[in-house]
Each structure stands twice: as structure tokens, then as C-alpha cells.
file run-v5.csv (CSV, C-alpha atoms)
chain,number,residue,atom,x,y,z
A,123,MET,CA,0.0,0.0,0.0
A,124,ALA,CA,1.4,3.4,-1.0
A,125,THR,CA,0.7,6.4,1.3
A,126,ARG,CA,0.7,10.0,0.2
A,127,LEU,CA,2.3,12.6,2.4
A,128,GLN,CA,4.0,16.0,2.4
A,129,TYR,CA,6.9,17.5,4.3
A,130,GLU,CA,6.1,21.2,5.1
A,131,ASN,CA,3.9,21.4,2.1
A,132,ASN,CA,6.6,19.9,-0.1
A,133,CYS,CA,6.0,16.8,-2.1
A,134,ASP,CA,9.6,15.7,-2.5
A,135,ILE,CA,9.5,13.4,0.5
A,136,GLY,CA,12.5,11.3,-0.7
A,137,VAL,CA,14.6,14.3,0.1
A,138,PHE,CA,13.6,14.4,3.8
A,139,SER,CA,13.4,10.7,4.6
A,140,LYS,CA,15.1,7.4,3.9
A,141,LEU,CA,13.3,4.1,4.0
A,142,THR,CA,14.9,0.6,4.1
A,143,ASN,CA,13.8,-2.8,5.2
A,144,ALA,CA,15.5,-2.4,8.6
A,145,TYR,CA,15.0,1.3,9.5
A,146,CYS,CA,13.6,4.6,8.5
A,147,LEU,CA,15.3,8.0,8.8
A,148,VAL,CA,13.2,11.1,9.0
A,149,ALA,CA,14.3,14.8,9.0
A,150,ILE,CA,13.8,16.9,12.1
A,151,GLY,CA,11.9,20.2,11.9
A,152,GLY,CA,8.6,20.6,10.2
A,153,SER,CA,5.4,19.3,11.8
A,154,GLU,CA,5.0,16.1,13.7
A,155,ASN,CA,2.5,15.0,11.0
A,156,PHE,CA,5.3,13.9,8.8
A,157,TYR,CA,6.8,11.8,11.5
A,158,SER,CA,3.4,10.5,12.6
A,159,THR,CA,2.6,9.1,9.2
A,160,PHE,CA,5.7,7.0,9.3
A,161,GLU,CA,5.1,6.0,12.8
A,162,ALA,CA,1.5,5.0,12.0
A,163,GLU,CA,2.7,2.5,9.3
A,164,LEU,CA,6.0,1.4,10.8
A,165,ALA,CA,5.9,1.8,14.5
A,166,GLY,CA,6.4,-1.7,15.8
A,167,VAL,CA,8.1,-3.1,12.8
A,168,ILE,CA,11.2,-1.0,12.2
A,169,PRO,CA,12.7,1.9,14.1
A,170,VAL,CA,11.8,5.3,12.8
A,171,VAL,CA,14.7,7.6,13.6
A,172,LYS,CA,14.7,11.4,13.6
A,173,ALA,CA,18.1,12.6,12.5
A,174,SER,CA,20.0,15.4,10.8
A,175,ILE,CA,23.1,14.9,8.7
A,176,ALA,CA,25.7,17.7,8.6
A,177,GLY,CA,23.2,19.8,10.4
A,178,THR,CA,20.7,19.7,7.4
A,179,ARG,CA,17.2,18.3,6.9
A,180,ILE,CA,18.0,16.7,3.5
A,181,VAL,CA,18.8,13.3,5.1
A,182,GLY,CA,17.3,11.3,2.2
A,183,ARG,CA,19.6,12.7,-0.4
A,184,LEU,CA,22.8,12.7,1.7
A,185,CYS,CA,22.8,9.1,2.9
A,186,ALA,CA,22.6,5.7,1.2
A,187,GLY,CA,21.6,2.5,2.9
A,188,ASN,CA,19.9,-0.9,3.0
A,189,LYS,CA,19.2,-3.4,5.7
A,190,ASN,CA,22.9,-4.2,6.1
A,191,GLY,CA,24.3,-0.7,6.5
A,192,LEU,CA,24.1,3.0,6.2
A,193,LEU,CA,26.7,5.2,4.5
A,194,LEU,CA,27.1,8.8,5.5
A,195,PRO,CA,29.0,11.7,4.0
A,196,HIS,CA,32.2,13.1,5.5
A,197,ASN,CA,30.7,16.2,6.9
A,198,THR,CA,28.3,14.3,9.2
A,199,THR,CA,29.2,15.5,12.7
A,200,ASP,CA,30.4,13.1,15.3
A,201,GLN,CA,27.3,13.7,17.5
A,202,GLU,CA,25.0,12.8,14.6
A,203,LEU,CA,27.0,9.7,13.8
A,204,GLN,CA,26.8,8.6,17.4
A,205,HIS,CA,23.0,9.3,17.5
A,206,LEU,CA,22.5,7.2,14.4
A,207,ARG,CA,24.6,4.4,15.8
A,208,ASN,CA,22.7,4.4,19.1
A,209,SER,CA,19.2,4.5,17.4
A,210,LEU,CA,19.8,1.9,14.7
A,211,PRO,CA,19.9,-1.9,15.4
A,212,ASP,CA,23.3,-3.5,15.7
A,213,SER,CA,22.8,-5.4,12.5
A,214,VAL,CA,23.1,-2.1,10.6
A,215,ALA,CA,26.7,-1.0,10.1
A,216,VAL,CA,27.0,2.8,10.3
A,217,GLN,CA,29.9,4.2,8.3
A,218,ARG,CA,31.1,7.7,7.4
A,219,ILE,CA,33.0,7.8,4.1
A,220,GLU,CA,35.5,10.3,2.8
A,221,GLU,CA,34.2,11.0,-0.6
A,222,ARG,CA,34.3,14.1,-2.8
A,223,LEU,CA,30.7,13.4,-4.0
A,224,ASN,CA,28.9,14.2,-0.8
A,225,SER,CA,25.2,13.5,-1.6
A,226,LEU,CA,25.3,9.7,-1.4
A,227,GLY,CA,21.6,9.5,-1.8
A,228,ASN,CA,21.9,11.0,-5.3
A,229,CYS,CA,24.9,9.0,-6.2
A,230,ILE,CA,24.0,5.5,-4.9
A,231,SER,CA,20.8,3.6,-5.4
A,232,CYS,CA,20.5,0.2,-3.7
A,233,ASN,CA,18.4,-2.6,-2.5
A,234,ASP,CA,19.6,-5.5,-0.3
A,235,HIS,CA,21.5,-7.3,-3.0
A,236,VAL,CA,22.7,-4.9,-5.7
A,237,ALA,CA,23.6,-1.2,-6.0
A,238,LEU,CA,23.9,1.3,-8.8
A,239,SER,CA,26.6,3.9,-8.3
A,240,HIS,CA,27.6,7.2,-9.9
A,241,PRO,CA,30.2,6.5,-12.5
A,242,TYR,CA,32.6,9.0,-11.0
A,243,LEU,CA,32.7,7.6,-7.5
A,244,ALA,CA,36.1,6.8,-6.1
A,245,LYS,CA,37.4,3.2,-6.2
A,246,GLU,CA,37.7,3.1,-2.3
A,247,THR,CA,34.1,4.3,-2.0
A,248,GLU,CA,32.9,1.5,-4.3
A,249,GLU,CA,34.7,-1.0,-2.3
A,250,LEU,CA,33.3,0.4,0.9
A,251,ILE,CA,29.8,0.2,-0.5
A,252,ALA,CA,30.3,-3.4,-1.4
A,253,ASP,CA,31.7,-4.0,2.1
A,254,VAL,CA,29.3,-2.1,4.3
A,255,LEU,CA,26.1,-2.6,2.4
A,256,GLY,CA,26.9,-6.2,1.3
A,257,VAL,CA,25.9,-5.6,-2.3
A,258,GLU,CA,27.3,-5.9,-5.8
A,259,VAL,CA,28.0,-2.5,-7.2
A,260,PHE,CA,27.5,-1.5,-10.8
A,261,ARG,CA,28.7,1.9,-12.2
A,262,GLN,CA,25.8,2.9,-14.5
A,263,THR,CA,23.9,5.8,-15.7
A,264,VAL,CA,20.1,6.0,-15.8
A,265,ALA,CA,18.5,7.7,-18.9
A,266,GLY,CA,21.9,9.2,-19.6
A,267,ASP,CA,22.1,10.9,-16.2
A,268,VAL,CA,24.9,10.1,-13.7
A,269,LEU,CA,22.8,10.8,-10.6
A,270,VAL,CA,21.4,7.3,-10.3
A,271,GLY,CA,20.0,7.8,-6.8
A,272,SER,CA,17.8,10.6,-8.0
A,273,TYR,CA,16.4,9.1,-11.1
A,274,CYS,CA,15.6,5.6,-10.0
A,275,ALA,CA,14.1,3.9,-6.9
A,276,PHE,CA,14.1,0.2,-6.5
A,277,SER,CA,13.5,-2.4,-3.8
A,278,ASN,CA,14.0,-6.1,-3.7
A,279,ARG,CA,10.8,-6.7,-5.7
A,280,GLY,CA,10.7,-4.1,-8.4
A,281,GLY,CA,12.0,-0.7,-9.5
A,282,LEU,CA,10.8,2.6,-11.0
A,283,VAL,CA,13.1,4.6,-13.3
A,284,HIS,CA,13.2,7.9,-15.1
A,285,PRO,CA,10.4,8.2,-17.7
A,286,HIS,CA,12.8,8.9,-20.5
A,287,THR,CA,14.8,5.7,-20.1
A,288,SER,CA,15.0,3.9,-23.4
A,289,ILE,CA,13.8,0.3,-23.7
A,290,GLU,CA,17.3,-1.1,-24.2
A,291,ASP,CA,18.5,0.7,-21.1
A,292,LEU,CA,15.5,-0.6,-19.2
A,293,ASP,CA,16.3,-4.2,-20.2
A,294,GLU,CA,20.0,-3.8,-19.4
A,295,LEU,CA,19.3,-2.4,-16.0
A,296,SER,CA,16.7,-5.0,-15.4
A,297,THR,CA,19.1,-7.8,-16.0
A,298,LEU,CA,21.8,-6.1,-13.9
A,299,LEU,CA,19.5,-5.6,-10.9
A,300,GLN,CA,17.5,-8.8,-11.4
A,301,VAL,CA,14.2,-7.0,-10.7
A,302,PRO,CA,11.4,-5.9,-13.0
A,303,LEU,CA,11.7,-2.2,-13.9
A,304,VAL,CA,9.2,0.3,-15.2
A,305,ALA,CA,9.8,3.8,-16.5
A,306,GLY,CA,7.3,6.1,-14.9
A,307,THR,CA,6.8,9.4,-13.1
A,308,VAL,CA,5.9,10.5,-9.7
A,309,ASN,CA,4.4,13.6,-8.1
A,310,CYS,CA,2.3,14.5,-11.1
A,311,GLY,CA,4.9,14.1,-13.9
A,312,SER,CA,8.1,14.8,-11.9
A,313,ASP,CA,10.9,12.7,-13.3
A,314,VAL,CA,13.0,12.8,-10.1
A,315,ILE,CA,11.8,9.4,-8.8
A,316,GLY,CA,14.3,9.2,-6.0
A,317,ALA,CA,12.9,12.4,-4.4
A,318,GLY,CA,9.3,11.6,-5.1
A,319,VAL,CA,8.9,8.1,-3.7
A,320,ILE,CA,10.6,6.0,-1.0
A,321,VAL,CA,10.0,2.3,-0.9
A,322,ASN,CA,10.9,-0.9,0.8
A,323,ASP,CA,9.7,-4.4,0.4
A,324,TRP,CA,6.2,-4.0,1.8
A,325,ILE,CA,5.4,-0.2,1.9
A,326,ALA,CA,5.9,2.9,-0.2
A,327,PHE,CA,5.4,6.6,0.5
A,328,CYS,CA,5.1,9.2,-2.2
A,329,GLY,CA,4.3,12.9,-2.4
A,330,SER,CA,0.8,14.2,-2.2
A,331,ASP,CA,0.9,15.4,-5.8
A,332,THR,CA,1.1,11.8,-7.1
A,333,THR,CA,-1.8,11.0,-9.3
A,334,ALA,CA,-3.9,7.9,-8.9
A,335,THR,CA,-2.5,6.5,-12.1
A,336,GLU,CA,1.1,6.9,-10.9
A,337,LEU,CA,0.1,5.4,-7.6
A,338,SER,CA,-1.3,2.3,-9.2
A,339,VAL,CA,1.9,2.0,-11.3
A,340,ILE,CA,4.0,2.2,-8.2
A,341,GLU,CA,1.8,-0.4,-6.4
A,342,SER,CA,2.0,-2.8,-9.3
A,343,VAL,CA,5.7,-2.6,-10.0
A,344,PHE,CA,6.7,-2.8,-6.3
A,345,LYS,CA,4.2,-5.5,-5.7
A,346,LEU,CA,2.6,-3.7,-2.8
A,347,ARG,CA,-1.0,-4.8,-3.5
A,348,TYR,CA,-0.5,-8.1,-1.8
A,349,HIS,CA,-1.2,-8.2,1.9
A,350,PHE,CA,2.3,-8.7,3.4
A,351,PHE,CA,1.3,-9.6,6.9
A,352,GLU,CA,-0.9,-12.7,6.8
B,1234,MET,CA,31.7,20.7,17.4
B,1235,ARG,CA,35.0,19.1,16.5
B,1236,LEU,CA,38.5,20.4,17.2
B,1237,GLU,CA,40.2,20.3,13.9
B,1238,LYS,CA,43.9,20.8,13.0
B,1239,CYS,CA,45.2,23.7,11.1
B,1240,TRP,CA,46.3,22.7,7.6
B,1241,PHE,CA,49.4,24.8,7.7
B,1242,CYS,CA,50.8,24.7,11.2
B,1243,SER,CA,48.9,21.7,12.7
B,1244,SER,CA,47.7,23.5,15.8
B,1245,THR,CA,44.2,22.8,17.1
B,1246,ILE,CA,41.5,25.2,15.9
B,1247,TYR,CA,39.0,26.0,18.6
B,1248,PRO,CA,35.4,27.1,17.9
B,1249,GLY,CA,35.2,30.7,16.8
B,1250,HIS,CA,38.7,30.8,15.4
B,1251,GLY,CA,40.1,30.7,11.9
B,1252,ILE,CA,38.9,30.4,8.4
B,1253,GLN,CA,37.9,27.3,6.4
B,1254,TYR,CA,38.6,27.4,2.6
B,1255,VAL,CA,36.8,25.0,0.3
B,1256,ARG,CA,38.5,24.6,-3.0
B,1257,ASN,CA,36.6,23.7,-6.2
B,1258,ASP,CA,37.7,20.1,-6.0
B,1259,ALA,CA,35.8,19.9,-2.6
B,1260,LYS,CA,39.0,19.7,-0.5
B,1261,ILE,CA,38.6,21.7,2.7
B,1262,PHE,CA,41.5,23.7,4.2
B,1263,ARG,CA,41.2,24.8,7.8
B,1264,PHE,CA,43.4,27.6,9.2
B,1265,CYS,CA,43.8,28.5,12.8
B,1266,ARG,CA,44.6,32.2,12.2
B,1267,SER,CA,45.3,34.7,9.4
B,1268,LYS,CA,49.0,34.0,9.6
B,1269,CYS,CA,48.5,30.5,8.3
B,1270,HIS,CA,45.9,31.6,5.9
B,1271,LYS,CA,48.1,34.2,4.4
B,1272,ASN,CA,51.0,31.8,4.1
B,1273,PHE,CA,48.8,29.4,2.3
B,1274,LYS,CA,47.7,32.1,-0.1
B,1275,MET,CA,51.4,32.8,-0.8
B,1276,LYS,CA,51.6,29.2,-1.8
B,1277,ARG,CA,54.2,28.4,0.8
B,1278,ASN,CA,54.9,24.8,1.5
B,1279,PRO,CA,54.4,24.1,5.2
B,1280,ARG,CA,57.2,21.5,5.1
B,1281,LYS,CA,59.7,24.3,4.4
B,1282,VAL,CA,58.4,26.8,6.9
B,1283,LYS,CA,60.4,26.4,10.0
B,1284,TRP,CA,57.8,27.1,12.7
B,1285,THR,CA,55.2,24.6,11.5
B,1286,LYS,CA,54.7,21.1,12.9
B,1287,ALA,CA,55.1,19.6,9.4
B,1288,TYR,CA,58.7,21.0,9.2
B,1289,ARG,CA,59.6,19.9,12.7
B,1290,ARG,CA,58.3,16.4,12.1
B,1291,LEU,CA,60.0,16.1,8.7
B,1292,HIS,CA,63.4,17.3,10.1
B,1293,GLY,CA,63.3,15.1,13.2
B,1294,LYS,CA,62.9,17.9,15.7
B,1295,ASP,CA,59.6,16.4,17.0
B,1296,MET,CA,58.4,12.8,17.5
B,1297,THR,CA,57.0,11.3,14.4
B,1298,GLN,CA,55.9,7.8,15.1
B,1299,ASP,CA,54.4,7.0,18.5
B,1300,SER,CA,51.6,4.8,19.7
B,1301,THR,CA,50.0,7.7,21.5
B,1302,PHE,CA,49.2,9.3,18.1
B,1303,GLU,CA,47.0,6.4,17.2
B,1304,PHE,CA,44.5,7.3,19.8
B,1305,GLU,CA,43.8,10.7,18.2
B,1306,ARG,CA,42.9,9.4,14.7
B,1307,LYS,CA,39.5,10.2,13.2
B,1308,ARG,CA,37.2,7.2,13.3
B,1309,ASN,CA,34.4,6.7,10.8
B,1310,ARG,CA,32.7,3.7,12.3
B,1311,PRO,CA,31.2,4.6,15.7
B,1312,GLU,CA,30.4,2.2,18.5
B,1313,ARG,CA,27.2,2.1,20.4
B,1314,TYR,CA,27.2,4.4,23.5
B,1315,ASP,CA,28.3,2.6,26.6
B,1316,ARG,CA,28.6,4.6,29.8
B,1317,ASN,CA,31.5,2.6,31.3
B,1318,VAL,CA,33.5,2.8,28.1
B,1319,THR,CA,33.0,6.6,27.9
B,1320,GLU,CA,34.1,7.0,31.5
B,1321,ASN,CA,37.2,4.9,31.0
B,1322,THR,CA,38.0,6.8,27.8
B,1323,LEU,CA,37.8,10.1,29.6
B,1324,LYS,CA,40.2,8.8,32.3
B,1325,ALA,CA,42.5,7.4,29.6
B,1326,ILE,CA,42.7,10.7,27.7
B,1327,LYS,CA,44.4,12.3,30.6
B,1328,LYS,CA,46.9,9.5,31.0
B,1329,ILE,CA,47.7,9.3,27.3
B,1330,ASP,CA,48.3,13.0,27.2
B,1331,LYS,CA,50.8,12.7,30.1
B,1332,VAL,CA,52.5,9.8,28.5
B,1333,ARG,CA,52.8,11.7,25.2
B,1334,VAL,CA,54.2,14.8,26.8
B,1335,ASP,CA,56.7,12.7,28.7
B,1336,ARG,CA,57.9,11.0,25.6
B,1337,GLU,CA,58.2,14.3,23.7
B,1338,HIS,CA,60.3,15.7,26.5
B,1339,ARG,CA,62.5,12.6,26.4
B,1340,HIS,CA,62.9,12.9,22.7
B,1341,HIS,CA,63.9,16.5,23.1
B,1342,THR,CA,66.5,15.8,25.8
B,1343,LYS,CA,67.9,13.0,23.7
B,1344,ARG,CA,68.2,15.3,20.8
B,1345,MET,CA,70.0,18.0,22.9
B,1346,LYS,CA,72.4,15.6,24.7
B,1347,PRO,CA,75.4,15.8,22.4
B,1348,LYS,CA,75.2,19.6,22.6
B,1349,LYS,CA,76.8,19.7,26.1
B,1350,ALA,CA,79.9,17.8,25.0
B,1351,GLN,CA,80.2,19.8,21.8
B,1352,LEU,CA,80.0,23.1,23.8
B,1353,ARG,CA,82.8,21.9,26.1
B,1354,ARG,CA,85.1,21.0,23.2
B,1355,GLU,CA,84.4,24.4,21.6
B,1356,ALA,CA,85.2,26.2,24.8
B,1357,GLU,CA,88.5,24.3,25.3
B,1358,LYS,CA,89.6,25.1,21.8
B,1359,GLU,CA,88.7,28.8,22.2
B,1360,LEU,CA,90.6,28.9,25.4
B,1361,GLU,CA,93.6,27.4,23.7
B,1362,GLN,CA,93.6,29.5,20.6
B,1363,SER,CA,92.2,32.9,21.6
B,1364,ILE,CA,93.3,33.4,25.2
B,1365,SER,CA,95.9,35.8,23.9
B,1366,MET,CA,93.2,38.3,23.0
B,1367,VAL,CA,92.3,38.5,26.7
B,1368,LYS,CA,95.6,38.3,28.5
B,1369,ALA,CA,99.3,38.6,27.3
B,1370,PRO,CA,101.3,35.4,27.1
B,1371,ALA,CA,103.7,36.5,29.8
B,1372,ALA,CA,100.8,36.9,32.3
B,1373,GLN,CA,99.6,33.3,31.6
B,1374,GLN,CA,102.8,31.8,33.0
B,1375,GLN,CA,102.4,33.7,36.3
B,1376,ASP,CA,98.7,33.0,36.6
B,1377,PRO,CA,97.9,29.3,36.2
B,1378,SER,CA,94.2,29.8,36.2
B,1379,LEU,CA,94.3,31.2,32.6
B,1380,THR,CA,95.4,27.9,31.1
B,1381,LEU,CA,93.9,24.5,31.3
B,1382,PRO,CA,95.8,22.2,33.7
B,1383,ILE,CA,98.3,20.1,31.9
B,1384,LYS,CA,97.5,16.5,32.5
B,1385,VAL,CA,100.7,14.6,33.8
B,1386,LYS,CA,100.8,10.9,34.5
B,1387,VAL,CA,101.9,10.4,38.2
B,1388,SER,CA,103.2,6.9,39.2
B,1389,LYS,CA,101.6,5.4,42.3
B,1390,PRO,CA,103.5,6.4,45.5
B,1391,GLU,CA,105.1,3.7,47.7
B,1392,THR,CA,102.8,2.5,50.3
B,1393,VAL,CA,103.7,2.4,53.9
B,1394,GLU,CA,103.5,-1.5,54.0
B,1395,ASN,CA,105.9,-1.9,51.1
B,1396,ARG,CA,108.5,0.3,52.7
B,1397,MET,CA,108.2,-1.6,55.8
B,1398,GLU,CA,108.9,-4.9,54.0
B,1399,GLU,CA,112.1,-3.5,52.6
call {"tool": "encode", "arguments": {"input": "run-v5.csv", "output": "C-alpha cells"}}
result
Amino acid sequence: MATRLQYENNCDIGVFSKLTNAYCLVAIGGSENFYSTFEAELAGVIPVVKASIAGTRIVGRLCAGNKNGLLLPHNTTDQELQHLRNSLPDSVAVQRIEERLNSLGNCISCNDHVALSHPYLAKETEELIADVLGVEVFRQTVAGDVLVGSYCAFSNRGGLVHPHTSIEDLDELSTLLQVPLVAGTVNCGSDVIGAGVIVNDWIAFCGSDTTATELSVIESVFKLRYHFFE
Amino acid sequence: MRLEKCWFCSSTIYPGHGIQYVRNDAKIFRFCRSKCHKNFKMKRNPRKVKWTKAYRRLHGKDMTQDSTFEFERKRNRPERYDRNVTENTLKAIKKIDKVRVDREHRHHTKRMKPKKAQLRREAEKELEQSISMVKAPAAQQQDPSLTLPIKVKVSKPETVENRMEE
């Protein structure tokens, strides 16, 4: 089931939150409604953690993670790092990386088994991603754009990519990631998928501007229509 | 808040001090005061500027490798907060600082040790060669304090027991 919500009247919720199978990070500031929506759906299942990264609210775009780990940019403060380490379960490895490309949420897109990375990421960073997140990393572009984290969102069951991705690209990515992919939009025609929708294996959240058609596409590609908890 | 090191002189930068310069390749340079910042703008190499830590380390004036330096490294993988560990760490910081200061002092004294002998040799030589600038040669023979004592080997005097035996 996909839920629609807003952060301070802004529909780009993927900027202010990060959702994985093991935890959910939410930005601080704004009204408690944003936080409450996540809590309502996820309360007992996974920890919903309020955090800031480098003193900013744009946590979704600065960090990259899956159920095995969380990667943070080099300007994350020590206090924030400690807060995240204390709030997240021990199975999640929290690591700060020294990388020129700071916005890891825009540069890395991952699920629990495979990750797409920005082609200009450093070699050490790629190794760290493989190590901390426990994934196989592919340097790829999506629809000719290097910011893979912004223009695609995928979970273990399906993925949504930039609407202008060609069919060959779609097939290639699909075989790399081993999940069915669909090119679509979110937030009423916005092509920045990573900002518009956040998804894990059983739930998705998207901006309030998302039309019913887009919502049905999301639910079908991520296979959310089936009742997960029997 | 994090206490960073100055890129030029390696001193700690406390909150409210200094300038941070971010270059176009996203490398951050932190300076503790305008002296270091201006030297950087002049493109001076800190390894060649005598008063910086980089120069002193490079030229062996200060300790380079020590196990106490390992404690201060920046760590990127945090551990879960544990009250006892934190308490012990705070106690350990004081001890480690003391150990480091002691070792630095020892390094310094070791470095300065050959100086004393060298100063003595130089003084001896100067006394030999240049004493004539101070006192005339004739005066030296009358006043023995102006020359160094001549070392003469003296044979051991007969002991009382030996004389008795004879």
C-alpha cells in the first residue's frame, strides 16, 4: 500500500526521509504529521529515527543504505554519527565515508542485493559500498544521467526509473538488478523518482501530488498490493 | 563541534577561530589564524616553513611515530554508546596526554644531549687559541688559572707497608 504525504507542504519526501527494510530515517523540523505518518505505518516493525546529517534536513539525499548498513557523507558530525549508531539496530553498520561526491543519496541507489553507483565515485568508495552494504556494485547511468540515486528507486521486488529511459537501457538495468523495472513518473509528472517516492519491500510513501495512475503503477511494480502480513 | 587541526601549522582550531577554505575540488583547508591563511595564499609549503609542525616532524625535531598518536585518529565507524567505556575513555585521555608529553620531553633531551659535550670542546679550543686576546702570554705563566691544567701521569707512590717490607 502506498501512502501519500508531504513535508512542510513539499511533495519531495524522498529528500527528507530514507526508508529501508531495517530502519527509516526522518528529518527533524517541520510538523509532527510527517513523522506520525511514518510511525502509524511502521511503529512496531522497524525503528523510525529522527536525524539530521551535517546539520541539514535533507537526510534522504545525503545518505545511502539498506538493511545491512548506512553510508554517511564526510561532513556528518560526530554527534549525529553517534546518535544514528545508538538508534539503529546492531545489524546495521553505520559508516562515514571520505568522498568528494557528498550526496550519497543521489549517487547511490541500492536494495539489499545490488547497488547502482555514480560512474565518477572513487574506487575506495565503491569497495566500501560493497563491504558495508553487502551488495554488488555497478557503475551505471540512468537515462543518460549520472545521478542514479535521484532518477531511480528500487526495492528487492521491483523498480521505477526515469520516464525517458529507453527500452534497451531498461532491459539492461533489469538484467543487472534482477528486478522488474518500469519507467514512470511520480508527483504528477516529476521525473525525479528518488525524491518523489521512498519504498521498501512492503510499503511505499510518495508525495501528495502523485496521481492515482502513478500510484497504481507504483503499487503494481513494487508488488505492494498483496497483503504482506498474513 | 569538532576540534580540527590547522592545515598549515597543525595546531588545534578552537570554535570561533580561523577560516575554512573549500576549493573547487571539494578539498577543505582549515586555518587557525590569518598568519597560516596568508602563508597558504602565498603558496608556501608548510614543510619548508620552520615554525610549523610539518617541518619539525620532517626534520626530526619532534616525535614522528608513536603509539599515542594512534588514539587521536579520526574514526568513521562509531560504537554504540556505553557509559563505562565513555568513563574509561575520559580517564584514559588524561593518562595518554601525560605519556605523550613525557615521551616528547625525552625525545627533546635525547636530541639535545650531544650539545653539552660539543659546547665543552668548543670552549676548550677557544681557550687554547684565543686566550691571547684577553691576557698577554707572559701573564699566563704567572697566573695558572688562565690555562687549562696540563695532564701529567703520576706513578703510584710507595705505600707504607711496602717500605716496611724493605
call {"tool": "residues_around", "arguments": {"input": "run-v5.csv", "residues": "Val137 in chain A", "least_positions_apart": "6", "cutoff": "7 Å", "atoms": "all atoms listed in the file", "output": "JSON, numbers by chain"}}
result
{"A": [180, 181, 182, 183, 317]}
call {"tool": "interface_residues", "arguments": {"input": "run-v5.csv", "of": "chain B", "to": "chain A", "cutoff": "7 Å", "atoms": "all atoms listed in the file", "output": "mmCIF file with C-alpha atoms, keeping the file's coordinate frame"}}
result
data_model
loop_
_atom_site.group_PDB
_atom_site.id
_atom_site.type_symbol
_atom_site.label_atom_id
_atom_site.label_comp_id
_atom_site.auth_asym_id
_atom_site.auth_seq_id
_atom_site.Cartn_x
_atom_site.Cartn_y
_atom_site.Cartn_z
ATOM 1 C CA ALA B 1259 35.800 19.900 -2.600
ATOM 2 C CA ASN B 1309 34.400 6.700 10.800
ATOM 3 C CA ARG B 1310 32.700 3.700 12.300
ATOM 4 C CA PRO B 1311 31.200 4.600 15.700
ATOM 5 C CA GLU B 1312 30.400 2.200 18.500
ATOM 6 C CA ARG B 1313 27.200 2.100 20.400
ATOM 7 C CA TYR B 1314 27.200 4.400 23.500
#
call {"tool": "closest_residue", "arguments": {"input": "run-v5.csv", "among": "A:Gly329, A:Gly311, A:Pro285, A:Gly318", "to": "Ser272 in chain A", "atoms": "only C-alpha atoms"}}
result
A:Gly318
call {"tool": "atom_distance", "arguments": {"input": "run-v5.csv", "atom1": "CA of Ala265 in chain A", "atom2": "CA of His284 in chain A"}}
result
6.5 Å
call {"tool": "residues_around", "arguments": {"input": "run-v5.csv", "residues": "Lys1358 in chain B", "least_positions_apart": "6", "cutoff": "12 Å", "atoms": "all atoms listed in the file", "output": "MDAnalysis selection string"}}
result
chainID B and resid 1351:1352 1364 1380:1381
call {"tool": "residues_around", "arguments": {"input": "run-v5.csv", "residues": "Ile1329 in chain B", "least_positions_apart": "3", "cutoff": "12 Å", "atoms": "only C-alpha atoms", "output": "ChimeraX atom specification"}}
result
/B:1299-1305,1321-1326,1332-1336
call {"tool": "closest_residue", "arguments": {"input": "run-v5.csv", "among": "A:Leu282, A:Leu243, A:Ile175, A:Ile340", "to": "Ile325 in chain A", "atoms": "all atoms listed in the file"}}
result
A:Ile340
call {"tool": "residues_near_point", "arguments": {"input": "run-v5.csv", "point": "(28.9, -5.2, -2.8)", "cutoff": "8 Å", "atoms": "only C-alpha atoms", "output": "short mmCIF file (atom, residue, chain, number, x, y, z; two decimals) with C-alpha atoms, in the frame of the given file"}}
result
data_model
loop_
_atom_site.label_atom_id
_atom_site.label_comp_id
_atom_site.auth_asym_id
_atom_site.auth_seq_id
_atom_site.Cartn_x
_atom_site.Cartn_y
_atom_site.Cartn_z
CA HIS A 235 21.50 -7.30 -3.00
CA VAL A 236 22.70 -4.90 -5.70
CA ALA A 237 23.60 -1.20 -6.00
CA GLU A 248 32.90 1.50 -4.30
CA GLU A 249 34.70 -1.00 -2.30
CA ILE A 251 29.80 0.20 -0.50
CA ALA A 252 30.30 -3.40 -1.40
CA ASP A 253 31.70 -4.00 2.10
CA VAL A 254 29.30 -2.10 4.30
CA LEU A 255 26.10 -2.60 2.40
CA GLY A 256 26.90 -6.20 1.30
CA VAL A 257 25.90 -5.60 -2.30
CA GLU A 258 27.30 -5.90 -5.80
CA VAL A 259 28.00 -2.50 -7.20
#
call {"tool": "atom_distance", "arguments": {"input": "run-v5.csv", "atom1": "CA of Gln300 in chain A", "atom2": "CA of Thr335 in chain A"}}
result
25.2 Å
call {"tool": "atom_distance", "arguments": {"input": "run-v5.csv", "atom1": "CA of Glu294 in chain A", "atom2": "CA of Ser239 in chain A"}}
result
15.0 Å
call {"tool": "residues_around", "arguments": {"input": "run-v5.csv", "residues": "Phe327 in chain A", "least_positions_apart": "3", "cutoff": "6 Å", "atoms": "only C-alpha atoms", "output": "list in words"}}
result
Ala124, Thr125, Arg126, Val319 and Ile320 of chain A
call {"tool": "residues_around", "arguments": {"input": "run-v5.csv", "residues": "Lys172 in chain A", "least_positions_apart": "2", "cutoff": "12 Å", "atoms": "all atoms listed in the file", "output": "VMD selection string"}}
result
chain A and resid 138 to 140 145 to 152 154 156 to 158 160 to 161 169 to 170 174 to 175 178 to 182 202 205 to 206 208 to 210
call {"tool": "closest_residue", "arguments": {"input": "run-v5.csv", "among": "B:Ile1383, B:Phe1264, B:Ile1246, B:Lys1283", "to": "Glu1361 in chain B", "atoms": "all atoms listed in the file"}}
result
B:Ile1383
